[in-house]
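Peer 1: File name query_17.cif; file contents mmCIF, C-alpha atoms and all ligand atoms; full text below.
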```cif
data_final
loop_
_atom_site.label_atom_id
_atom_site.label_comp_id
_atom_site.auth_asym_id
_atom_site.auth_seq_id
_atom_site.Cartn_x
_atom_site.Cartn_y
_atom_site.Cartn_z
CA MET H 1 33.09 269.13 95.42
CA LEU H 2 34.15 267.24 98.47
CA GLU H 3 33.40 263.52 98.81
CA ARG H 4 34.54 261.48 101.80
CA GLY H 5 34.55 258.22 99.80
CA GLU H 6 34.52 257.67 96.07
CA VAL H 7 32.23 258.96 93.33
CA ALA H 8 28.82 257.21 93.75
CA ASN H 9 29.84 256.21 97.26
CA SER H 10 26.34 255.47 98.57
CA TRP H 11 25.61 253.14 95.64
CA ARG H 12 28.92 251.32 96.19
CA ARG H 13 28.89 250.97 99.97
CA GLU H 14 25.41 251.34 101.38
CA ARG H 15 23.22 249.03 99.29
CA TRP H 16 22.59 245.28 99.25
CA ASP H 17 23.83 242.93 96.50
CA SER H 18 20.60 242.16 94.64
CA LEU H 19 19.30 245.73 94.61
CA ARG H 20 18.32 247.26 91.30
CA LEU H 21 16.95 250.76 90.83
CA LEU H 22 13.21 250.95 91.10
CA THR H 23 13.21 253.71 88.50
CA PRO H 24 13.39 252.44 84.89
CA ASN H 25 16.53 253.01 82.79
CA TRP H 26 14.96 255.71 80.61
CA GLN H 27 14.39 257.68 83.82
CA SER H 28 18.08 257.61 84.74
CA ARG H 29 18.94 261.00 83.37
CA LEU H 30 21.35 263.65 84.53
CA PRO H 31 22.16 266.92 82.74
CA GLY H 32 23.64 265.94 79.35
CA LEU H 33 23.60 262.21 80.11
CA ARG H 34 20.83 259.70 79.64
CA TYR H 35 20.57 255.94 79.33
CA GLU H 36 21.14 254.89 75.74
CA GLY H 37 21.43 251.10 76.13
CA PRO H 38 19.25 248.36 74.64
CA ASP H 39 16.81 248.05 77.56
CA PRO H 40 15.20 251.42 78.36
CA ASP H 41 12.44 249.73 80.40
CA GLY H 42 14.89 247.70 82.54
CA TYR H 43 16.29 248.61 85.97
CA MET H 44 19.99 249.21 86.67
CA THR H 45 22.02 247.01 88.98
CA MET H 46 24.21 248.75 91.55
CA GLY H 47 27.27 248.24 89.31
CA GLU H 48 25.45 249.92 86.44
CA VAL H 49 24.32 252.89 88.57
CA THR H 50 27.87 253.36 89.81
CA GLU H 51 29.18 253.36 86.22
CA PHE H 52 26.46 255.79 85.16
CA ILE H 53 27.35 258.28 87.89
CA GLU H 54 31.09 257.83 87.29
CA ARG H 55 30.50 258.59 83.63
CA PHE H 56 28.55 261.72 84.53
CA ALA H 57 31.37 262.90 86.82
CA ALA H 58 33.90 262.36 84.01
CA ASP H 59 31.78 263.87 81.18
CA SER H 60 30.83 266.93 83.22
CA ARG H 61 34.41 267.30 84.48
CA ALA H 62 33.05 267.71 87.98
CA PRO H 63 35.89 268.96 90.20
CA VAL H 64 35.47 266.13 92.74
CA ARG H 65 38.02 265.71 95.50
CA THR H 66 37.48 262.17 96.78
CA GLY H 67 38.60 260.91 100.18
CA VAL H 68 37.88 264.32 101.73
CA ASN H 69 35.66 264.09 104.80
CA VAL H 70 33.95 267.29 105.95
CA THR H 71 34.11 267.35 109.74
CA SER H 72 32.77 270.86 110.34
CA VAL H 73 31.09 273.75 108.54
CA ARG H 74 30.76 276.97 110.51
CA ARG H 75 29.98 280.59 109.79
CA ALA H 76 32.90 282.99 109.70
CA ASP H 77 33.10 286.61 108.51
CA ALA H 78 30.66 286.77 105.63
CA GLY H 79 30.95 283.12 104.62
CA TYR H 80 31.85 279.69 105.91
CA VAL H 81 34.86 277.76 107.11
CA VAL H 82 34.79 274.13 106.03
CA THR H 83 37.08 271.84 108.00
CA THR H 84 38.09 268.55 106.41
CA ASN H 85 40.60 265.77 107.02
CA GLY H 86 42.66 267.54 104.35
CA GLY H 87 42.62 271.03 105.86
CA GLU H 88 40.39 274.10 105.90
CA ILE H 89 38.54 275.81 103.08
CA ARG H 90 37.01 279.27 103.30
CA CYS H 91 34.11 280.02 101.00
CA ARG H 92 31.23 282.41 100.52
CA ALA H 93 28.59 279.75 99.88
CA VAL H 94 28.13 276.05 100.62
CA VAL H 95 25.80 273.56 98.93
CA ILE H 96 24.94 270.63 101.19
CA ALA H 97 24.50 267.60 98.93
CA SER H 98 25.47 265.01 101.51
CA GLY H 99 22.38 262.88 100.95
CA ALA H 100 19.09 262.16 102.71
CA CYS H 101 19.92 258.57 103.64
CA ASN H 102 23.24 258.67 105.53
CA GLN H 103 22.10 256.55 108.46
CA PRO H 104 19.56 253.81 108.92
CA SER H 105 16.77 254.94 111.19
CA VAL H 106 16.16 252.37 113.94
CA PRO H 107 13.63 252.80 116.80
CA PRO H 108 15.14 253.25 120.28
CA PHE H 109 13.56 250.01 121.61
CA ALA H 110 16.00 248.03 119.42
CA THR H 111 18.38 248.20 122.38
CA ALA H 112 15.92 246.07 124.41
CA VAL H 113 16.10 243.15 121.93
CA PRO H 114 17.85 240.13 123.55
CA GLU H 115 21.45 239.58 122.43
CA SER H 116 20.63 236.11 121.12
CA VAL H 117 18.86 237.79 118.19
CA GLU H 118 21.17 239.27 115.56
CA GLN H 119 20.18 242.75 114.37
CA LEU H 120 21.05 244.19 110.99
CA THR H 121 20.22 247.43 109.25
CA THR H 122 20.00 247.75 105.50
CA PHE H 123 23.55 249.13 105.58
CA ASP H 124 24.82 245.80 107.02
CA TYR H 125 22.63 243.48 104.96
CA ARG H 126 24.21 242.14 101.77
CA ASP H 127 22.51 238.78 101.03
CA PRO H 128 20.54 236.05 102.88
CA ALA H 129 23.60 233.81 103.32
CA LYS H 130 25.13 236.28 105.80
CA LEU H 131 22.26 235.84 108.28
CA PRO H 132 22.21 233.13 110.95
CA ASP H 133 20.00 230.12 110.18
CA GLY H 134 16.42 230.41 111.37
CA GLY H 135 13.49 232.82 111.24
CA VAL H 136 13.88 236.46 110.29
CA LEU H 137 11.78 239.42 111.33
CA VAL H 138 11.88 242.21 108.74
CA VAL H 139 10.66 245.52 110.13
CA GLY H 140 9.13 247.98 107.66
CA ALA H 141 7.16 247.36 104.48
CA SER H 142 8.34 250.09 102.16
CA ALA H 143 10.51 249.43 99.09
CA THR H 144 13.44 248.05 101.12
CA GLY H 145 11.40 245.93 103.54
CA VAL H 146 9.25 244.20 100.92
CA GLN H 147 12.28 243.51 98.72
CA LEU H 148 14.29 241.98 101.56
CA ALA H 149 11.32 240.00 102.92
CA ALA H 150 10.82 238.45 99.46
CA GLU H 151 14.52 237.68 99.01
CA LEU H 152 14.81 236.08 102.47
CA GLN H 153 11.64 234.03 102.05
CA ARG H 154 12.89 232.79 98.65
CA SER H 155 16.15 231.73 100.32
CA GLY H 156 14.14 229.21 102.37
CA ARG H 157 13.80 231.13 105.62
CA SER H 158 10.66 231.72 107.55
CA VAL H 159 9.99 235.45 107.32
CA THR H 160 7.74 237.64 109.46
CA LEU H 161 7.15 241.21 108.30
CA ALA H 162 6.11 244.05 110.61
CA VAL H 163 4.04 246.45 108.53
CA GLY H 164 3.65 250.15 109.31
CA GLU H 165 2.33 252.94 107.11
CA HIS H 166 3.20 252.15 103.48
CA VAL H 167 2.60 253.25 99.91
CA ARG H 168 1.26 250.58 97.57
CA LEU H 169 1.85 250.86 93.81
CA PRO H 170 1.57 248.39 90.92
CA ARG H 171 4.78 247.99 88.89
CA THR H 172 2.90 248.57 85.66
CA TYR H 173 -0.44 250.26 85.03
CA ARG H 174 -2.36 250.09 81.76
CA GLY H 175 0.75 248.56 80.16
CA ARG H 176 3.20 251.29 81.22
CA ASP H 177 5.61 251.48 84.14
CA VAL H 178 3.89 253.23 87.03
CA LEU H 179 6.78 255.71 87.11
CA TRP H 180 6.01 256.60 83.48
CA TRP H 181 2.59 257.67 84.77
CA MET H 182 4.11 259.66 87.65
CA ASP H 183 6.36 261.43 85.17
CA ALA H 184 3.95 261.95 82.24
CA SER H 185 0.96 263.04 84.33
CA GLY H 186 3.03 265.66 86.15
CA VAL H 187 2.55 264.10 89.61
CA TRP H 188 6.32 263.91 90.12
CA ASP H 189 6.74 267.52 88.99
CA GLN H 190 4.38 268.87 91.63
CA ARG H 191 6.21 271.70 93.36
CA TYR H 192 6.88 271.81 97.08
CA ASP H 193 4.89 275.02 97.48
CA GLU H 194 1.85 273.38 95.87
CA VAL H 195 1.89 270.25 98.05
CA GLU H 196 -0.95 270.33 100.59
CA ASP H 197 0.89 268.89 103.61
CA LEU H 198 4.58 269.37 102.89
CA THR H 199 5.84 267.97 106.21
CA ARG H 200 3.91 264.78 105.60
CA ALA H 201 4.96 264.57 101.94
CA ARG H 202 8.60 264.86 103.02
CA ARG H 203 8.15 262.00 105.49
CA LEU H 204 6.31 259.67 103.10
CA PRO H 205 7.92 256.23 102.89
CA SER H 206 9.22 254.92 99.55
CA PRO H 207 6.61 253.03 97.48
CA GLN H 208 6.44 249.23 97.49
CA LEU H 209 8.26 248.70 94.20
CA VAL H 210 11.03 246.45 92.94
CA GLY H 211 13.01 246.60 89.70
CA THR H 212 13.19 243.12 88.17
CA PRO H 213 13.77 242.06 84.56
CA GLU H 214 10.22 240.61 84.59
CA ARG H 215 8.74 243.93 85.81
CA THR H 216 6.95 242.12 88.60
CA THR H 217 4.67 243.80 91.11
CA LEU H 218 5.77 243.19 94.69
CA ASN H 219 3.22 243.98 97.36
CA LEU H 220 1.84 242.49 100.56
CA ASN H 221 -0.43 240.08 98.64
CA THR H 222 2.64 238.75 96.81
CA LEU H 223 4.41 238.25 100.12
CA THR H 224 1.40 236.54 101.73
CA SER H 225 1.22 234.14 98.76
CA MET H 226 4.91 233.38 99.24
CA GLY H 227 4.26 232.45 102.89
CA VAL H 228 5.50 235.59 104.66
CA GLU H 229 3.59 236.25 107.89
CA LEU H 230 2.36 239.85 108.27
CA LEU H 231 2.21 241.60 111.63
CA GLY H 232 1.25 245.18 112.54
CA ARG H 233 3.62 248.00 113.34
CA TRP H 234 6.24 247.08 115.91
CA ALA H 235 5.42 249.38 118.82
CA ALA H 236 7.57 248.33 121.80
CA VAL H 237 9.62 245.65 123.55
CA ARG H 238 8.46 244.56 127.00
CA ASP H 239 10.08 241.79 129.09
CA GLY H 240 11.74 240.30 126.01
CA ARG H 241 8.52 240.33 124.01
CA ALA H 242 8.00 242.37 120.85
CA LEU H 243 4.59 244.07 120.87
CA PHE H 244 2.83 244.88 117.60
CA SER H 245 -0.12 247.17 116.86
CA GLY H 246 -3.38 245.69 115.65
CA GLY H 247 -5.40 247.37 112.93
CA LEU H 248 -3.66 245.85 109.92
CA ARG H 249 -6.96 245.83 108.05
CA ASN H 250 -7.33 249.63 108.42
CA MET H 251 -3.77 250.24 107.33
CA PHE H 252 -4.26 248.07 104.25
CA SER H 253 -7.53 249.85 103.36
CA LEU H 254 -5.80 253.21 103.60
CA ALA H 255 -2.93 252.15 101.32
CA ASP H 256 -5.39 250.60 98.84
CA LEU H 257 -7.52 253.74 98.87
CA LYS H 258 -4.53 255.99 98.22
CA MET H 259 -3.38 253.77 95.38
CA ARG H 260 -6.86 253.85 93.81
CA ARG H 261 -6.95 257.65 94.09
CA LEU H 262 -3.58 257.91 92.36
CA LEU H 263 -4.74 255.58 89.57
CA ASP H 264 -7.87 257.75 89.19
CA THR H 265 -5.59 260.77 88.78
CA PHE H 266 -3.70 258.94 86.03
CA ASP H 267 -6.94 257.97 84.27
CA GLU H 268 -8.26 261.52 84.43
CA TRP H 269 -4.99 262.86 83.05
CA ALA H 270 -4.95 260.32 80.19
CA GLN H 271 -8.52 261.18 79.24
CA ALA H 272 -8.08 264.94 79.49
CA ASN H 273 -4.90 264.80 77.38
CA GLY H 274 -6.12 262.43 74.67
CA ARG H 275 -3.66 259.69 75.73
CA ASP H 276 -6.21 256.88 76.26
CA GLY H 277 -5.41 255.42 72.83
CA GLU H 278 -1.69 254.83 73.59
CA VAL H 279 -2.18 252.89 76.82
CA GLY H 280 -4.20 249.85 77.92
CA SER H 281 -7.59 249.98 79.62
CA PRO H 282 -7.95 251.20 83.21
CA GLU H 283 -7.20 248.48 85.77
CA ARG H 284 -8.18 248.00 89.38
CA PHE H 285 -6.27 245.64 91.66
CA GLU H 286 -7.25 243.14 94.32
CA PRO H 287 -7.39 244.79 97.76
CA THR H 288 -4.62 243.86 100.18
CA ARG H 289 -5.68 240.63 101.87
CA ALA H 290 -5.69 240.90 105.65
CA PRO H 291 -4.78 237.70 107.55
CA SER H 292 -7.76 236.21 109.44
CA SER H 293 -5.87 236.75 112.69
CA THR H 294 -2.56 238.44 113.45
CA ARG H 295 -0.19 237.88 116.32
CA LEU H 296 0.26 240.91 118.55
CA GLN H 297 3.34 239.59 120.40
CA LEU H 298 6.49 237.66 119.66
CA GLU H 299 8.72 236.08 122.30
CA LEU H 300 12.10 237.33 121.10
CA GLY H 301 14.13 234.86 123.15
CA SER H 302 12.20 231.76 122.02
CA GLY H 303 14.51 230.99 119.09
CA GLU H 304 11.75 231.49 116.52
CA ILE H 305 13.36 234.72 115.36
CA ARG H 306 17.14 234.50 114.93
CA ALA H 307 17.65 237.81 113.11
CA ILE H 308 15.96 241.17 112.75
CA VAL H 309 16.43 243.31 109.67
CA TRP H 310 15.51 246.93 110.31
CA ALA H 311 14.08 248.37 107.09
CA THR H 312 12.65 251.34 108.96
CA GLY H 313 13.99 254.10 106.74
CA PHE H 314 16.98 256.39 106.70
CA ARG H 315 17.91 259.80 107.99
CA PRO H 316 20.49 262.39 107.07
CA ASP H 317 23.55 263.02 109.23
CA TYR H 318 24.42 266.64 109.95
CA GLY H 319 26.75 265.92 112.85
CA TRP H 320 29.40 267.95 111.02
CA LEU H 321 27.23 271.04 110.48
CA ASP H 322 28.03 273.66 113.12
CA VAL H 323 25.42 276.14 111.91
CA PRO H 324 22.10 276.20 113.83
CA VAL H 325 19.88 275.14 110.90
CA VAL H 326 18.89 271.62 111.95
CA ASP H 327 15.53 271.14 113.69
CA ALA H 328 14.75 268.94 116.71
CA LYS H 329 13.96 266.03 114.37
CA GLY H 330 17.38 266.24 112.74
CA GLN H 331 16.08 267.78 109.48
CA LEU H 332 17.58 270.79 107.76
CA ARG H 333 15.49 273.98 107.90
CA HIS H 334 15.20 275.24 104.34
CA GLU H 335 12.80 276.79 101.86
CA GLY H 336 13.11 274.93 98.58
CA GLY H 337 16.81 274.26 99.18
CA VAL H 338 17.62 277.77 100.43
CA VAL H 339 18.81 277.07 103.97
CA ASP H 340 18.09 279.40 106.85
CA SER H 341 21.61 280.91 106.81
CA PRO H 342 22.86 283.26 104.04
CA GLY H 343 24.87 281.44 101.37
CA LEU H 344 23.91 277.96 102.58
CA TYR H 345 21.99 275.71 100.19
CA ALA H 346 20.81 272.10 100.01
CA LEU H 347 20.04 269.58 97.27
CA GLY H 348 18.82 265.99 97.17
CA LEU H 349 16.35 266.08 100.11
CA PRO H 350 12.78 264.72 99.98
CA VAL H 351 10.39 267.04 98.10
CA LEU H 352 13.09 269.73 98.22
CA ARG H 353 11.44 271.60 95.33
CA ARG H 354 9.41 268.85 93.65
CA ARG H 355 8.03 265.41 94.46
CA LYS H 356 10.84 263.87 92.39
CA SER H 357 13.62 265.72 94.28
CA THR H 358 15.33 262.66 95.80
CA PHE H 359 15.37 260.67 92.58
CA ILE H 360 18.18 260.69 90.03
CA CYS H 361 15.84 262.22 87.45
CA GLY H 362 14.82 264.93 89.90
CA ILE H 363 18.12 266.63 90.54
CA GLU H 364 18.45 268.60 87.28
CA ASP H 365 15.45 270.91 87.74
CA ASP H 366 16.14 271.43 91.45
CA ALA H 367 19.84 272.11 90.93
CA ARG H 368 19.12 274.71 88.24
CA GLU H 369 16.80 276.68 90.52
CA VAL H 370 18.94 276.40 93.64
CA ILE H 371 22.08 277.41 91.75
CA ASP H 372 20.18 280.38 90.21
CA HIS H 373 19.49 281.58 93.73
CA LEU H 374 23.11 281.00 94.73
CA THR H 375 24.51 282.98 91.78
CA ARG H 376 22.12 285.85 92.50
CA TYR H 377 23.24 285.78 96.13
CA LEU H 378 26.92 285.97 95.15
CA ALA H 379 26.25 288.77 92.62
CA MET H 380 24.34 290.74 95.24
CA ARG H 381 27.18 290.34 97.70
CA ARG H 382 29.73 291.49 95.13
CA SER H 383 27.74 294.63 94.34
CA SER H 384 27.07 295.58 97.97
C1 LIG H 401 17.96 251.87 99.12
C2 LIG H 401 17.79 253.04 98.20
C3 LIG H 401 17.30 252.83 96.91
C4 LIG H 401 17.13 253.91 96.04
N1 LIG H 401 16.64 253.67 94.79
C5 LIG H 401 16.52 254.70 93.92
C6 LIG H 401 16.06 254.48 92.57
O1 LIG H 401 15.69 253.38 92.21
N2 LIG H 401 16.03 255.54 91.73
C7 LIG H 401 16.39 256.80 92.11
O2 LIG H 401 16.34 257.72 91.29
N3 LIG H 401 16.80 257.03 93.38
C8 LIG H 401 16.86 256.03 94.28
N4 LIG H 401 17.28 256.26 95.57
C9 LIG H 401 17.49 257.64 95.99
C10 LIG H 401 18.97 257.98 95.84
O3 LIG H 401 19.52 258.11 97.11
C11 LIG H 401 19.14 259.23 95.07
O4 LIG H 401 18.64 259.03 93.77
C12 LIG H 401 20.60 259.70 94.92
O5 LIG H 401 21.54 258.73 95.22
C13 LIG H 401 20.84 260.81 95.85
O6 LIG H 401 22.08 261.32 95.53
P1 LIG H 401 22.77 262.35 96.48
O7 LIG H 401 24.06 262.69 95.81
O8 LIG H 401 21.83 263.44 96.81
O9 LIG H 401 23.00 261.56 97.84
P2 LIG H 401 23.99 260.34 98.14
O10 LIG H 401 23.96 259.36 97.03
O11 LIG H 401 23.67 259.88 99.51
O12 LIG H 401 25.42 261.04 98.12
C14 LIG H 401 25.86 261.87 99.16
C15 LIG H 401 27.36 261.78 99.21
O13 LIG H 401 27.84 262.67 100.19
C16 LIG H 401 28.93 262.06 100.84
N5 LIG H 401 29.05 262.68 102.17
C17 LIG H 401 28.13 262.67 103.16
N6 LIG H 401 28.59 263.32 104.24
C18 LIG H 401 29.83 263.77 103.92
C19 LIG H 401 30.83 264.51 104.63
N7 LIG H 401 30.63 264.93 105.89
N8 LIG H 401 31.99 264.78 103.98
C20 LIG H 401 32.19 264.37 102.70
N9 LIG H 401 31.29 263.67 102.01
C21 LIG H 401 30.12 263.38 102.60
C22 LIG H 401 28.58 260.59 100.90
O14 LIG H 401 29.74 259.78 101.02
C23 LIG H 401 27.84 260.37 99.59
O15 LIG H 401 28.67 259.89 98.56
C24 LIG H 401 17.45 255.22 96.47
C25 LIG H 401 17.94 255.42 97.76
C26 LIG H 401 18.12 254.35 98.62
C27 LIG H 401 18.62 254.60 100.01
#
```
Can you dump the structure from the file as C-alpha cells?
Peer 2:
Amino acid sequence: MLERGEVANSWRRERWDSLRLLTPNWQSRLPGLRYEGPDPDGYMTMGEVTEFIERFAADSRAPVRTGVNVTSVRRADAGYVVTTNGGEIRCRAVVIASGACNQPSVPPFATAVPESVEQLTTFDYRDPAKLPDGGVLVVGASATGVQLAAELQRSGRSVTLAVGEHVRLPRTYRGRDVLWWMDASGVWDQRYDEVEDLTRARRLPSPQLVGTPERTTLNLNTLTSMGVELLGRWAAVRDGRALFSGGLRNMFSLADLKMRRLLDTFDEWAQANGRDGEVGSPERFEPTRAPSSTRLQLELGSGEIRAIVWATGFRPDYGWLDVPVVDAKGQLRHEGGVVDSPGLYALGLPVLRRRKSTFICGIEDDAREVIDHLTRYLAMRRSS
C-alpha cells in the first residue's frame, strides 16, 4: 500500500478545523474495528477520525509505505509498472484507492474574479480568522458550503451564499439520526446496478448535514434565520460582476420534494417492517423559505465581498495514471470497481458498488467484492 503522505492523510491535511464527521460514531466501522466509546450517536472530530484510521492500520497490520508518491502507472507485459519517488514496482494488479476528493473543483470563471477579492477553496480554509475582514461569498450549498456559511456568519461576518442543486436532509427524523434511516431501510445499500440513473447518482452533491454535539439540523432556513443572504447558482463573471441564476424558488421546491419522497420511503419501510413502535411519529418539515427578492448580480470590485470560499465540490486526480481509462470528465471508467484494463481495480468512488461506497462504513462490502474479482483474475492468470 503506497501513500504519499501519512496514514489518514486526507483527514489530516485537507479538512478545516471545526469539521466533524457527518456520519454518527456507531457508523464509523471498518472490518474488525468499530466505535466503542461512550457516545455512539456523536460525530468524530478530525483528530478522532485520524486516530480511528491509524488504529485500523495498526490492528490490521496494513503494509503501508508512507511518503511514497505514485507518479505513474502504466501497462507493461501482462501487468503494470508503478513509478514512485522511491523507485519502480512491477505488479500484476493495481487497486486505485487514491480517493474521490483529491482536488477542489472550481469553475473556470474564477480566474475572472478581481484580484482584490481573496479566493479560497475548502483545502485552504481552516477557520474564519484566516480570512480578510469584510463580507464573504460562499459558493455551493452542500454539506461543506452550509457548514462554512454558518461558521463564517457566526464569526460576525456578513455572508452571502450562492445556492446550486442541493440535497436537503433533517439531522434527525422520528427521533433517529437520518443516517440510521438510510442504513436501516436499505437505501444506502442500494447497488449500483439497481440505481436508475447511475451517472446522476454518482454526481449527486453531499447532503446538507452537520455533525454537532447538539445534533442540530443545518439547512437553508437555518442560514436565512442567521442572516445569511441566499443567491442563485453563480453562472458567470462579466465585467467584474458576478452573475447568478434566478429560479431559487424552483430549486428549493425540488430539494424539498426529494426530501419528502425520501421520508415517505422511510415511513413505508418502518410500517412494512413493523418498526413504527420503536421510532417517533412521522414528521414533515417547513418548506425552504425563498427570499422575497434575490439579487442576480454582485459587483465584485465594490468591497462588499472581500473573500470567496469555493465549496463547489471535489474531483479525483488521475494525473499519474498513464493507462487510457479516464473519461473526458476526468472520471475513471469502471464497472463496479473493475476498471476497463485487465488487473486494474478501484475503490472509494461515488456509488462504486453501493450508495454508501464513499463513506467509511461503505468500504467493507465494496472491498470484499472487488478483491474477490481480483483474486479470481490472478488465479485465472496463473492457470492460463
Ligand atoms: C469534506 C469531507 C467530509 C467527509 N465527511 C465524511 C463523513 O462524515 N463520513 C464518512 O464516512 N465519509 C466522509 N467523507 C468521505 C471520505 O472521503 C471517505 O469516507 C474516506 O476518507 C475515503 O477514503 P479513501 O481512502 O477512499 O480516500 P482518501 O481519504 O482521499 O485517501 C486517499 C489517499 O490516497 C493518497 N494518494 C492520492 N494520490 C496518491 C498518489 N499518486 N500516490 C500516493 N498516494 C496517493 C492520498 O494522500 C490519500 O491519503 C468526507 C469527505 C470530505 C471531502
Peer 1: At a cut-off of 8 Å from (7.0, 240.3, 120.3) in the coordinates of the file, what residues are picked up using all atoms listed in the file, written as an MDAnalysis selection string?
Peer 2: chainID H and resid 237 240:244 296:300
Peer 1: Would you name the residues within 7 Å of ligand LIG 401 (chain H), counting only C-alpha atoms and all ligand atoms, and put them as an MDAnalysis selection string?
Peer 2: chainID H and resid 2:11 15 20:23 28 68:71 97:102 144 320 347:349 358:361
Peer 1: Just checking: using only C-alpha atoms, which residue out of H:Thr50, H:Ser158, H:Ser384, H:Gln27 ends up closest to Asp183 of chain H?
Peer 2: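 Of H:Thr50, H:Ser158, H:Ser384, H:Gln27, the one nearest Asp183 of chain H, counting only C-alpha atoms, is H:Gln27.
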Peer 1: When you look at Val279 of chain H with a cut-off of 12 Å (counting all atoms listed in the file), what residues show up, excluding the ones that are within fewer than 3 positions of it in the same chain? I need them as an MDAnalysis selection string.
Peer 2: chainID H and resid 172:178 180:181 266:267 270:271 274:276 282:283
Peer 1: Which residue is closest to Tyr80 of chain H? Choose from H:Pro132, H:Arg368, H:Glu14, H:Leu344 and count only C-alpha atoms.
Peer 2: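 Distance minimum relative to Tyr80 of chain H lands on H:Leu344.
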Peer 1: Excluding same-chain residues fewer than 2 positions from Val136 of chain H, what lies within 8 Å of it counting all atoms listed in the file, as a ChimeraX atom specification?
Peer 2: /H:134,138,152,157-160,305-309
Peer 1: Could you check which of H:Ile89, H:Ile96, H:Val64, H:Val210 is closest to Pro24 of chain H, using only C-alpha atoms?
Peer 2: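 That would be H:Val210, the residue with the smallest distance to Pro24 of chain H.
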Peer 1: Give as a list in words each residue that has an atom at most 10 Å from (3.1, 254.2, 100.9) in the file, counting all atoms listed in the file.
Peer 2: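 Those within range, by chain then number, are Ala141, Ser142, Ala143, Gly164, Glu165, His166, Val167, Arg168, Leu169, Leu204, Pro205, Ser206, Pro207, Gln208, Leu254, Ala255, Asp256, Lys258 and Met259 of chain H.
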Peer 1: Restricting the output to C-alpha atoms, write the selected residues as a short mmCIF file (atom, residue, chain, number, x, y, z; two decimals), in the frame of the given file.
Peer 2:
```
data_model
loop_
_atom_site.label_atom_id
_atom_site.label_comp_id
_atom_site.auth_asym_id
_atom_site.auth_seq_id
_atom_site.Cartn_x
_atom_site.Cartn_y
_atom_site.Cartn_z
CA ALA H 141 7.16 247.36 104.48
CA SER H 142 8.34 250.09 102.16
CA ALA H 143 10.51 249.43 99.09
CA GLY H 164 3.65 250.15 109.31
CA GLU H 165 2.33 252.94 107.11
CA HIS H 166 3.20 252.15 103.48
CA VAL H 167 2.60 253.25 99.91
CA ARG H 168 1.26 250.58 97.57
CA LEU H 169 1.85 250.86 93.81
CA LEU H 204 6.31 259.67 103.10
CA PRO H 205 7.92 256.23 102.89
CA SER H 206 9.22 254.92 99.55
CA PRO H 207 6.61 253.03 97.48
CA GLN H 208 6.44 249.23 97.49
CA LEU H 254 -5.80 253.21 103.60
CA ALA H 255 -2.93 252.15 101.32
CA ASP H 256 -5.39 250.60 98.84
CA LYS H 258 -4.53 255.99 98.22
CA MET H 259 -3.38 253.77 95.38
#
```
